[in-house]
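Working notes, beginning with the structure itself.
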Amino acid sequence: MQIIELLTPAYEAAWLPWAVQYFFLVGMATGAALLTSACAFGPAQGLLQRLLPTAVLVLAMSAIAAPVALLADLHQPARFWHFYAHLTPWSWMSLGAVLMPTFVGLCVLMCALWWLGKQRLMRLLVPVLVLSTLSIVVYTGAEIMVIRSRPLWNTLWVPINLTLSGWLATVGMGFVLYRFLPRSLQPDAAALQGLRNLGLWLATGLIASALTWGIAGIAGQSPSFDMAVRLFNEFPVWRVSMLGSAVFGAAVVMALLRGEHRLAAKGYTLVLGTGLAASAWAFRWALFMGVQGVPKFGAGLYLYSMPLGGEGLMGMLGMAGLCVALVALTTWALELFPARKPASAA
Amino acid sequence: MPLQKRELSDCATSSSACTCSTPSITQAPQQAVTAPTKRGFLQDLIAMAASLGVAGSARAALPGDPSFQPLRRPGMQGKRFGMLVDMRKCIGCQACTVSCSVENQPPIGQFRTTVLQYEIDQAGDTAAAMVSLPRLCNHCDEPPCVPVCPVQATFQRTDGIVLVDNERCVGCGYCVQACPYDARFINHETQTADKCTFCEHRLEAGLLPACVESCVGGARVIGDLNDAHSEINQRINAHKDDIKVLKPGMKTKPHVFYIGLPDEFVNGVDGQATVRLVAEHL
């Protein structure tokens with residue numbers, strides 16, 4: 001017996017590409033906040049301290065740009081104040097509306113303290129910032145994971161993968177952005193190697209989490225794995241993108257491994273960093289835009305044709321432009337008003 | 001049909017006993033939802049207190065707990081609306097689709113209800129069969145769309161009807177994602193969540209929903225499930241063994257019941273997709 005659809009409506013994606021940008025930037029911001037926190041405790045002139053300006057730059061860019069994308073994903077952005085007028089403690093998104101501005105505020109404060117050279121205050125702020133960061137990690141993951149109607153989202157693997165790949169994007173963006181810092185603030189070869197090691201650990205964690213998901217799925221414990229297998233078998237577009245991401249992921253890991261002797265080349269860190277960030281971004285594109293194209297009831301897939309305006313391409317370019325502008329402003333400001341040396345660092 | 005109409009007009013005549021005289025939600029959402037205003041303000045205050053941990057015990061559930069539902073808001077007293085769709089009587093004429101669109105005016109290409117149509121090819125020389133599957137909001141008893149709403153714009157009433165206050169909705173699309181039935185959409189004109197309301201504005205006036213009123217074959221029956229003598233209950237009892245709901249495994253307790261729903265359609269369709277019309281191309 002074969003069922004052929006004759007007349008069924010197309011259901012559009014309710015979450016626009018803005019969501020991809022938000023989860024990409026906020027994942028990166030959580031990684032940068034933790035990295036900044038760790039670096040703040042590094043010994044003076046140590047490896048961690050030399051990595052600190054890079055971490056702060058990534059943090060400033062991602063933490064300020066992320067909420068802009070989040071706001072834009074609302075179809076009624078001017079009504080954002082409704083979140084605060086009607087607090088809803090049983091909705092993760094409502095909790096996020098409280099947790100997110102707190103996190104952004106703490107991140108900006110941390111960046112300002114670094115610029116002012118207040119190392120002691122930075123260290124005092126670290127516990128609060130780490131707690132706030134963890135709250136963002138939990139809420140962004142749980143928000144997606146609680147959606148039972150989509151088996152591909154309703155799994156613990158999603159928050160784990162979002163977190164690890166977001167932190168990998170932090171490493172990648174660090175490799176991309178460090179070159180724009182004033183020369184005295186740029187990390188040296190050893191600090192870059194430290195960043196690479198962090199990337200390797202995160203990539204190992206991601207591979208382990210993917211394997212766990214696969215093994216649990218083969219053992220019949222994971223509806224999300226079954227759904228992924230069905231998509232792989234039935235739809236060439238999913239087959240190509242899954243195989244493509246495996247190949248791309250392997251290439252990025254290889255590039256990380258080979259980085260041991262090549263990080264001195266600025267071109268290499270640029271390509272490696274872009275590759276790391278791109279894999280985190282592509283995962284989110286598949287997770288949000290791809291999965292929204294999988295019908296909840298109907299057969300086949302819904303085609304997503306990306307609008308060219310604010311709801312699609314222009315929105316994404318705009319976010320990229322905002323990030324470029326933030327980096328340009330920050331690094332220019334650092335040239336004009338150099339960060340003060342921490343008193344204790346001397 | 002006459003039986004149904006009488007059943008609903010009872011509601012209109014005994015309006016003193018129910019809340020039929022309250023203003024329609026679609027016309028004045030804010031007032032209807034929060035009336036009286038003092039109560040709405042208190043509800044907000046409790047929600048805010050709960051979020052601060054003051055009234056933590058009242059809302060002990062962790063966000064995302066599938067068994068948690070916020071308090072229902074006042075609806076037609078003592079009633080629980082449900083719909084029965086007898087697929088044996090549906091001829092796939094789309095009169096319901098059209099009348100719903102005329103009544104509720106969703107943008108072109110977006111539907112609160114529609115009839116999905118399928119061809120079923122069977123092995124051998126058997127002629128192809130047609131299946132017409134009317135779809136609308138299931139007004140579930142455990143609606144997954146309601147607790148996810150971050151601003152409590154979508155809510156369920158005591159009579160089971162799930163509504164959206166589109167003056168409060170921020171258009172985040174979370175409810176659209178949470179609905180397992182694709183019953184919700186972001187209305188292109190209002191940029192807020194939109195869905196079937198069981199035509200509650202008509203029910204309150206003692207009328208049938210537009211789709212029920214216009215159904216040529218009498219395939220759709222709406223009624224009060226709390227009334228043992230209602231036509232919907234009588235029909236459900238008469239076909240007890242053949243009553244199905246969509247995706248029962250989602251544990252949403254849908255309140256749109258089907259007679260004659262083939263098993264292959266209960267959890268979603270595995271088959272050949274059609275070329276779908278995209279709204280902006282219409």
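Ordering of the structure tokens sets the chain letters (A, B, ...); residue numbers start at 1 within each chain; ligands are numbered from 1 in the order shown.
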| task | Using only C-alpha atoms, find which residues of chain B lie within 6 Å of chain A and jot them down as an MDAnalysis selection string. | result | chainID B and resid 48 51 63:64 116:122 148 150:151 170:173 178 180 191 268:274 276
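Here the alpha helix (DSSP H) residues in stretch 133-199 of chain B, by DSSP on the backbone, are Cys145, Val146, Pro147, Val148, Tyr174, Cys175, Val176, Gln177 and Ala178 of chain B.
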Pull N, CA and C atoms from the residues just selected and write them as a PDB file, in the first residue's frame.
ATOM      1  N   CYS B 145       1.435  23.304  23.723  1.00  0.00           N
ATOM      2  CA  CYS B 145       1.685  24.669  23.250  1.00  0.00           C
ATOM      3  C   CYS B 145       1.504  25.698  24.356  1.00  0.00           C
ATOM      4  N   VAL B 146       0.684  25.386  25.364  1.00  0.00           N
ATOM      5  CA  VAL B 146       0.336  26.395  26.375  1.00  0.00           C
ATOM      6  C   VAL B 146       1.465  26.663  27.376  1.00  0.00           C
ATOM      7  N   PRO B 147       2.027  25.624  28.017  1.00  0.00           N
ATOM      8  CA  PRO B 147       3.035  25.939  29.035  1.00  0.00           C
ATOM      9  C   PRO B 147       4.324  26.549  28.477  1.00  0.00           C
ATOM     10  N   VAL B 148       4.616  26.369  27.190  1.00  0.00           N
ATOM     11  CA  VAL B 148       5.868  26.930  26.665  1.00  0.00           C
ATOM     12  C   VAL B 148       5.780  28.434  26.451  1.00  0.00           C
ATOM     13  N   TYR B 174       7.351  29.817  19.702  1.00  0.00           N
ATOM     14  CA  TYR B 174       7.637  28.638  20.554  1.00  0.00           C
ATOM     15  C   TYR B 174       6.444  27.671  20.545  1.00  0.00           C
ATOM     16  N   CYS B 175       5.219  28.217  20.594  1.00  0.00           N
ATOM     17  CA  CYS B 175       4.035  27.356  20.608  1.00  0.00           C
ATOM     18  C   CYS B 175       3.873  26.620  19.282  1.00  0.00           C
ATOM     19  N   VAL B 176       4.267  27.304  18.187  1.00  0.00           N
ATOM     20  CA  VAL B 176       4.175  26.678  16.871  1.00  0.00           C
ATOM     21  C   VAL B 176       5.078  25.442  16.835  1.00  0.00           C
ATOM     22  N   GLN B 177       6.260  25.578  17.443  1.00  0.00           N
ATOM     23  CA  GLN B 177       7.191  24.442  17.488  1.00  0.00           C
ATOM     24  C   GLN B 177       6.644  23.335  18.383  1.00  0.00           C
ATOM     25  N   ALA B 178       6.022  23.725  19.503  1.00  0.00           N
ATOM     26  CA  ALA B 178       5.620  22.724  20.493  1.00  0.00           C
ATOM     27  C   ALA B 178       4.411  21.914  20.057  1.00  0.00           C
TER      28      ALA B 178
END
| task | Name the residues in contact with A:Leu272 at a cut-off of 8 Å, using only C-alpha atoms, excluding same-chain residues fewer than 4 positions from it; report them as an MDAnalysis selection string. | result | chainID A and resid 172 175 252 255:256 268 276
| Excluding same-chain residues fewer than 5 positions from stretch 128-133 of chain A, what lies within 8 Å of it counting only C-alpha atoms, as an MDAnalysis selection string? | chainID A and resid 30 33:34 37 99 102:103 106:107
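One distance worth recording is that between atom CA of B:Pro66 and atom CA of A:Leu25, which is 29.1 Å.
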| said: Just want the 10 Å neighbourhood of stretch 204-215 of chain A, counted on only C-alpha atoms, with same-chain residues fewer than 2 positions away dropped. Output as an MDAnalysis selection string. | reply: chainID A and resid 155:158 160:165 168 198:202 217:222 224:226 249:250 253
What does the file look like for those residues with C-alpha atoms, as a PDB file, in the first residue's frame?
ATOM      1  CA  THR A 155      17.119  14.663  23.256  1.00  0.00           C
ATOM      2  CA  LEU A 156      19.868  15.436  25.754  1.00  0.00           C
ATOM      3  CA  TRP A 157      22.299  15.230  22.869  1.00  0.00           C
ATOM      4  CA  VAL A 158      21.111  18.612  21.579  1.00  0.00           C
ATOM      5  CA  ILE A 160      25.406  18.860  24.960  1.00  0.00           C
ATOM      6  CA  ASN A 161      26.231  19.329  21.314  1.00  0.00           C
ATOM      7  CA  LEU A 162      25.107  22.963  21.293  1.00  0.00           C
ATOM      8  CA  THR A 163      27.376  23.657  24.260  1.00  0.00           C
ATOM      9  CA  LEU A 164      30.489  21.883  23.016  1.00  0.00           C
ATOM     10  CA  SER A 165      30.201  23.194  19.466  1.00  0.00           C
ATOM     11  CA  LEU A 168      34.545  25.244  19.773  1.00  0.00           C
ATOM     12  CA  LEU A 198      41.473  23.533  24.249  1.00  0.00           C
ATOM     13  CA  GLY A 199      39.994  23.055  20.777  1.00  0.00           C
ATOM     14  CA  LEU A 200      41.280  19.483  20.664  1.00  0.00           C
ATOM     15  CA  TRP A 201      39.713  18.676  24.021  1.00  0.00           C
ATOM     16  CA  LEU A 202      36.381  20.124  22.920  1.00  0.00           C
ATOM     17  CA  GLY A 217      20.567   4.910  19.116  1.00  0.00           C
ATOM     18  CA  ILE A 218      21.760   1.565  17.750  1.00  0.00           C
ATOM     19  CA  ALA A 219      20.751   0.008  21.058  1.00  0.00           C
ATOM     20  CA  GLY A 220      17.278   1.382  20.333  1.00  0.00           C
ATOM     21  CA  GLN A 221      17.286   3.960  23.106  1.00  0.00           C
ATOM     22  CA  SER A 222      17.021   7.137  21.088  1.00  0.00           C
ATOM     23  CA  SER A 224      16.187  11.157  17.735  1.00  0.00           C
ATOM     24  CA  PHE A 225      18.730   8.709  16.319  1.00  0.00           C
ATOM     25  CA  ASP A 226      15.967   6.696  14.632  1.00  0.00           C
ATOM     26  CA  GLY A 249      34.373  17.759  10.922  1.00  0.00           C
ATOM     27  CA  ALA A 250      37.193  15.313  10.202  1.00  0.00           C
ATOM     28  CA  VAL A 253      40.040  17.974  13.524  1.00  0.00           C
TER      29      VAL A 253
END
